[in-house]
Amino acid sequence: MITIKSNREIELMKQAGNIVYQTHQYLKSFLKEGITTEEIDQLAEKFIRSKGATPSFKGYDGFPGSVCTSINHQVVHGIPGKTKLKNGDIISIDIGACYKGFHGDSAWTYAVGEVDDEKKYLMEHTEKALFEGLKQVKPGNRVGDIGYAIEQYALKHHLGVVKELVGHGVGTDVHEDPEVPNYGKAGTGPLLKKGMVIAVEPMLNLGTADIYMLDDDWTVETADGKPSAHYEHTVAVTEDGYQILTGE
Ligand code: MG
Ligand code: MG
C-alpha cells in the first residue's frame, strides 16, 4: 500500500532526514586510511542517538550494524567490521534514522584519500544518475519514469545498473511501497502523487551489472570485482516536483 503523508508527517520526516544528512556530514571527516568500518558504525550510532533518533537498520531483519559500509566492489549492505579503509578506496555508507516514528534513508559514496580516475568517473556519474532520476519526481509522472531516466543515463555512461535492489517508499517503515527500480519503461508503474515519500537510490557498477551475495547473507558484491557506487536521497513529492528530505 502506498501511503500519502500529511504536511505534518512530512515535517517530521524532514527532521528524520536531516539527522541522516547530519550523520553523513559528521562521518566524512573520519573517512581516512586506518579507520575500521566498525569504528565508523559506532561513530554513526552515537551521533544518531545523540539527536534523539535510532538507527533504522540496526536489527532490521537481523542486520548487525547501525549503518551499511560497502567498500569498492561491495555494492550494498556491507556489515561493519574489522576491515580498515585504505587510501584509494571508495566506501558507500547507507544511513537510516528513525525520529518520532518516521524514517529517513540516504546513501553516499566517498573517496578515501586519492582515488583513481575510474572510481572518480563512477562516483560522478552515479551521483548524476540520482539527480536524473529525481528530475522525474513530480505529480502525474510514474515510478517507471524515474527508473527509465536513471537507466538511460547509466547506459549512456557505460555503467552497469544493479536491478536486484531497488528504491522504495519511506514512512513509518523504512521500506514501504512502492518499489522504485533503477530501470524501467517510461510511463509505467504507480502514479506519483503529492505527499508520497520515496527513496531513489541508483547502484551503478563500473563493469557488469551482475552481482552476488556473500555467505554472510548481507553483503552484495559485483560479479566481476569492479567497483560500485550508491547514491540515495529520500524525497517528498510536492505540488510541482520534489523536496529532498535527507538534505540540509
Ligand atoms: Mg539506504
Ligand atoms: Mg533505501
# chains A, B, ... in the order shown; residues from 1 in each chain; ligands from 1
>>> residues_around(residues="Thr23 (chain A)", least_positions_apart="2", cutoff="7 Å", atoms="only C-alpha atoms", output="PyMOL selection string")
chain A and resi 19-21+25-27+44+47-48
>>> residues_around(residues="Asp216 (chain A)", least_positions_apart="2", cutoff="12 Å", atoms="only C-alpha atoms", output="list in words")
Gly62, Phe63, Pro64, His77, Gly78, Ile79, Pro80, Tyr212, Met213, Leu214, Trp218, Thr219, Val220 and Glu221 of chain A
>>> residues_near_ligand(ligand="ligand 1", cutoff="7 Å", atoms="only C-alpha atoms and all ligand atoms", output="list in words")
Asp94, Ile95, Gly96, Asp105, Ser106, Ala107 and Glu232 of chain A
>>> closest_atom_pairs(of="chain A", to="ligand 2", cutoff="10 Å", atoms="only C-alpha atoms and all ligand atoms", output="tab-separated table")
residue	atom	partner	partner_atom_place_in_ligand_line	distance
A:Asp94	CA	ligand 2	1 (Mg)	7.8
A:Ile95	CA	ligand 2	1 (Mg)	8.6
A:Gly96	CA	ligand 2	1 (Mg)	8.0
A:Gly104	CA	ligand 2	1 (Mg)	8.7
A:Asp105	CA	ligand 2	1 (Mg)	5.5
A:Ser106	CA	ligand 2	1 (Mg)	6.5
A:Ala107	CA	ligand 2	1 (Mg)	7.5
A:Leu165	CA	ligand 2	1 (Mg)	9.2
A:Val166	CA	ligand 2	1 (Mg)	7.6
A:Gly167	CA	ligand 2	1 (Mg)	5.5
A:His168	CA	ligand 2	1 (Mg)	6.3
A:Gly169	CA	ligand 2	1 (Mg)	8.4
A:Val170	CA	ligand 2	1 (Mg)	8.1
A:Val174	CA	ligand 2	1 (Mg)	7.5
A:His175	CA	ligand 2	1 (Mg)	7.0
A:Glu176	CA	ligand 2	1 (Mg)	9.8
A:Val180	CA	ligand 2	1 (Mg)	9.6
A:Ile198	CA	ligand 2	1 (Mg)	8.6
A:Ala199	CA	ligand 2	1 (Mg)	5.5
A:Val200	CA	ligand 2	1 (Mg)	7.2
A:Glu201	CA	ligand 2	1 (Mg)	6.4
A:Pro202	CA	ligand 2	1 (Mg)	9.7
A:Tyr231	CA	ligand 2	1 (Mg)	9.5
A:Glu232	CA	ligand 2	1 (Mg)	6.8
A:His233	CA	ligand 2	1 (Mg)	8.0
A:Thr234	CA	ligand 2	1 (Mg)	7.8
>>> write_last_selection(atoms="N, CA and C atoms", output="PDB file, in the first residue's frame")
ATOM      1  N   ASP A  94      25.424   3.756   3.888  1.00  0.00           N
ATOM      2  CA  ASP A  94      23.965   3.862   3.822  1.00  0.00           C
ATOM      3  C   ASP A  94      23.461   4.065   5.249  1.00  0.00           C
ATOM      4  N   ILE A  95      22.769   5.189   5.440  1.00  0.00           N
ATOM      5  CA  ILE A  95      22.344   5.565   6.795  1.00  0.00           C
ATOM      6  C   ILE A  95      20.831   5.731   6.834  1.00  0.00           C
ATOM      7  N   GLY A  96      20.226   5.135   7.858  1.00  0.00           N
ATOM      8  CA  GLY A  96      18.808   5.353   8.121  1.00  0.00           C
ATOM      9  C   GLY A  96      18.644   5.790   9.561  1.00  0.00           C
ATOM     10  N   GLY A 104      14.283   8.357   7.761  1.00  0.00           N
ATOM     11  CA  GLY A 104      14.973   8.980   6.637  1.00  0.00           C
ATOM     12  C   GLY A 104      16.011   7.968   6.183  1.00  0.00           C
ATOM     13  N   ASP A 105      16.360   7.973   4.899  1.00  0.00           N
ATOM     14  CA  ASP A 105      17.251   6.953   4.340  1.00  0.00           C
ATOM     15  C   ASP A 105      18.088   7.606   3.251  1.00  0.00           C
ATOM     16  N   SER A 106      19.400   7.557   3.412  1.00  0.00           N
ATOM     17  CA  SER A 106      20.262   8.163   2.400  1.00  0.00           C
ATOM     18  C   SER A 106      21.613   7.469   2.372  1.00  0.00           C
ATOM     19  N   ALA A 107      22.082   7.199   1.169  1.00  0.00           N
ATOM     20  CA  ALA A 107      23.407   6.589   0.990  1.00  0.00           C
ATOM     21  C   ALA A 107      24.275   7.524   0.163  1.00  0.00           C
ATOM     22  N   LEU A 165      18.247  -4.833  -6.573  1.00  0.00           N
ATOM     23  CA  LEU A 165      17.954  -3.979  -5.417  1.00  0.00           C
ATOM     24  C   LEU A 165      17.363  -2.684  -5.936  1.00  0.00           C
ATOM     25  N   VAL A 166      16.390  -2.162  -5.219  1.00  0.00           N
ATOM     26  CA  VAL A 166      15.621  -1.031  -5.742  1.00  0.00           C
ATOM     27  C   VAL A 166      15.359   0.016  -4.658  1.00  0.00           C
ATOM     28  N   GLY A 167      14.948   1.210  -5.087  1.00  0.00           N
ATOM     29  CA  GLY A 167      14.469   2.224  -4.159  1.00  0.00           C
ATOM     30  C   GLY A 167      13.077   1.835  -3.673  1.00  0.00           C
ATOM     31  N   HIS A 168      12.483   2.709  -2.864  1.00  0.00           N
ATOM     32  CA  HIS A 168      11.272   2.299  -2.132  1.00  0.00           C
ATOM     33  C   HIS A 168      10.576   3.501  -1.509  1.00  0.00           C
ATOM     34  N   GLY A 169       9.340   3.287  -1.090  1.00  0.00           N
ATOM     35  CA  GLY A 169       8.660   4.284  -0.282  1.00  0.00           C
ATOM     36  C   GLY A 169       9.294   4.339   1.106  1.00  0.00           C
ATOM     37  N   VAL A 170       9.135   5.489   1.781  1.00  0.00           N
ATOM     38  CA  VAL A 170       9.661   5.648   3.141  1.00  0.00           C
ATOM     39  C   VAL A 170       8.570   6.288   3.993  1.00  0.00           C
ATOM     40  N   VAL A 174      10.905   1.889   7.167  1.00  0.00           N
ATOM     41  CA  VAL A 174      11.994   2.417   6.325  1.00  0.00           C
ATOM     42  C   VAL A 174      11.837   1.924   4.882  1.00  0.00           C
ATOM     43  N   HIS A 175      11.219   0.768   4.716  1.00  0.00           N
ATOM     44  CA  HIS A 175      10.933   0.269   3.360  1.00  0.00           C
ATOM     45  C   HIS A 175       9.436   0.085   3.183  1.00  0.00           C
ATOM     46  N   GLU A 176       8.842   0.963   2.403  1.00  0.00           N
ATOM     47  CA  GLU A 176       7.406   0.876   2.118  1.00  0.00           C
ATOM     48  C   GLU A 176       7.203   0.758   0.614  1.00  0.00           C
ATOM     49  N   VAL A 180      10.927   1.275  -6.209  1.00  0.00           N
ATOM     50  CA  VAL A 180      11.394   2.275  -7.186  1.00  0.00           C
ATOM     51  C   VAL A 180      12.651   1.736  -7.880  1.00  0.00           C
ATOM     52  N   ILE A 198       9.497   8.901  -1.208  1.00  0.00           N
ATOM     53  CA  ILE A 198      10.230   7.766  -1.776  1.00  0.00           C
ATOM     54  C   ILE A 198      11.740   7.965  -1.649  1.00  0.00           C
ATOM     55  N   ALA A 199      12.442   6.845  -1.597  1.00  0.00           N
ATOM     56  CA  ALA A 199      13.909   6.863  -1.655  1.00  0.00           C
ATOM     57  C   ALA A 199      14.304   6.435  -3.054  1.00  0.00           C
ATOM     58  N   VAL A 200      15.065   7.306  -3.722  1.00  0.00           N
ATOM     59  CA  VAL A 200      15.597   6.991  -5.052  1.00  0.00           C
ATOM     60  C   VAL A 200      17.070   6.677  -4.849  1.00  0.00           C
ATOM     61  N   GLU A 201      17.525   5.524  -5.338  1.00  0.00           N
ATOM     62  CA  GLU A 201      18.871   5.096  -4.975  1.00  0.00           C
ATOM     63  C   GLU A 201      19.576   4.242  -6.029  1.00  0.00           C
ATOM     64  N   PRO A 202      20.093   4.901  -7.077  1.00  0.00           N
ATOM     65  CA  PRO A 202      20.855   4.128  -8.051  1.00  0.00           C
ATOM     66  C   PRO A 202      22.098   3.481  -7.452  1.00  0.00           C
ATOM     67  N   TYR A 231      24.173   6.174  -4.483  1.00  0.00           N
ATOM     68  CA  TYR A 231      23.731   7.494  -4.008  1.00  0.00           C
ATOM     69  C   TYR A 231      22.226   7.454  -3.816  1.00  0.00           C
ATOM     70  N   GLU A 232      21.791   7.942  -2.683  1.00  0.00           N
ATOM     71  CA  GLU A 232      20.364   7.839  -2.338  1.00  0.00           C
ATOM     72  C   GLU A 232      19.895   9.063  -1.560  1.00  0.00           C
ATOM     73  N   HIS A 233      18.728   9.573  -1.959  1.00  0.00           N
ATOM     74  CA  HIS A 233      18.040  10.588  -1.168  1.00  0.00           C
ATOM     75  C   HIS A 233      16.600  10.130  -0.935  1.00  0.00           C
ATOM     76  N   THR A 234      16.080  10.489   0.227  1.00  0.00           N
ATOM     77  CA  THR A 234      14.653  10.358   0.488  1.00  0.00           C
ATOM     78  C   THR A 234      14.006  11.692   0.119  1.00  0.00           C
TER      79      THR A 234
END
>>> atom_distance(atom1="CA of Asn87 (chain A)", atom2="CA of Gly65 (chain A)")
23.4 Å
>>> closest_atom_pairs(of="region 109-182 of chain A", to="region 236-243 of chain A", cutoff="7 Å", atoms="only C-alpha atoms", output="tab-separated table")
residue	atom	partner	partner_atom	distance
A:Val137	CA	A:Gly241	CA	5.7
A:Lys138	CA	A:Gly241	CA	4.1
A:Pro139	CA	A:Asp240	CA	6.5
>>> write_last_selection(atoms="N, CA and C atoms", output="mmCIF file, in the first residue's frame")
data_model
loop_
_atom_site.group_PDB
_atom_site.id
_atom_site.type_symbol
_atom_site.label_atom_id
_atom_site.label_comp_id
_atom_site.auth_asym_id
_atom_site.auth_seq_id
_atom_site.Cartn_x
_atom_site.Cartn_y
_atom_site.Cartn_z
ATOM 1 N N VAL A 137 10.618 13.168 -10.615
ATOM 2 C CA VAL A 137 9.697 13.063 -9.482
ATOM 3 C C VAL A 137 8.783 14.289 -9.448
ATOM 4 N N LYS A 138 7.573 14.090 -9.876
ATOM 5 C CA LYS A 138 6.545 15.138 -9.828
ATOM 6 C C LYS A 138 5.184 14.481 -10.024
ATOM 7 N N PRO A 139 4.147 15.122 -9.483
ATOM 8 C CA PRO A 139 2.818 14.529 -9.633
ATOM 9 C C PRO A 139 2.470 14.355 -11.107
#
>>> select_by_dssp(residues="region 20-191 of chain A", states="helix (DSSP H, G or I)", output="ChimeraX atom specification")
/A:20-28,37-50,60-62,117-134,143-156
>>> closest_residue(among="A:Met123, A:Val75, A:Leu192, A:Leu134", to="Gly225 (chain A)", atoms="only C-alpha atoms")
A:Val75
>>> atom_distance(atom1="CA of Arg142 (chain A)", atom2="CA of Lys5 (chain A)")
17.8 Å
>>> residues_around(residues="Lys163 (chain A)", least_positions_apart="6", cutoff="9 Å", atoms="only C-alpha atoms", output="list of chain:residue names")
A:Pro181, A:Asn182, A:Tyr183, A:Met203, A:Ala209, A:Asp210
>>> atom_distance(atom1="CA of Tyr153 (chain A)", atom2="CA of His125 (chain A)")
8.3 Å
>>> closest_residue(among="A:Leu204, A:Val162, A:Ile91, A:Ile71", to="Glu127 (chain A)", atoms="only C-alpha atoms")
A:Leu204
>>> closest_residue(among="A:Thr69, A:Ala223, A:Ile244, A:Lys82", to="Lys135 (chain A)", atoms="only C-alpha atoms")
A:Ile244
>>> residues_around(residues="Asn141 (chain A)", least_positions_apart="4", cutoff="10 Å", atoms="only C-alpha atoms", output="short mmCIF file (atom, residue, chain, number, x, y, z; two decimals) with C-alpha atoms, in the first residue's frame")
data_model
loop_
_atom_site.label_atom_id
_atom_site.label_comp_id
_atom_site.auth_asym_id
_atom_site.auth_seq_id
_atom_site.Cartn_x
_atom_site.Cartn_y
_atom_site.Cartn_z
CA GLN A 136 11.26 12.84 -12.95
CA VAL A 137 9.70 13.06 -9.48
CA ASP A 145 9.86 7.42 -15.46
CA ILE A 146 12.41 7.57 -12.63
CA ALA A 186 8.75 5.48 -19.09
CA GLY A 187 5.04 5.98 -18.43
CA THR A 188 4.61 2.75 -16.46
CA GLY A 189 4.26 1.88 -12.79
CA PRO A 190 2.48 3.63 -9.92
CA LEU A 191 1.45 7.24 -10.40
CA LEU A 192 3.38 9.79 -8.32
CA LYS A 193 1.18 11.93 -6.12
CA GLY A 241 8.28 18.40 -8.14
#
>>> closest_residue(among="A:Thr36, A:Ser50, A:Gln42, A:Gln152", to="Ser66 (chain A)", atoms="only C-alpha atoms")
A:Gln42
>>> closest_residue(among="A:Gly101, A:Pro55, A:Gly113, A:Gly88", to="Ser29 (chain A)", atoms="only C-alpha atoms")
A:Gly113
>>> closest_residue(among="A:Ala149, A:Ala97, A:Ile4, A:Leu130", to="Tyr60 (chain A)", atoms="only C-alpha atoms")
A:Ala97
>>> residues_around(residues="Thr54 (chain A)", least_positions_apart="2", cutoff="8 Å", atoms="only C-alpha atoms", output="list in words")
Glu45, Ile48, Arg49, Gly52, Ser56, Ala97, Cys98 and Tyr99 of chain A
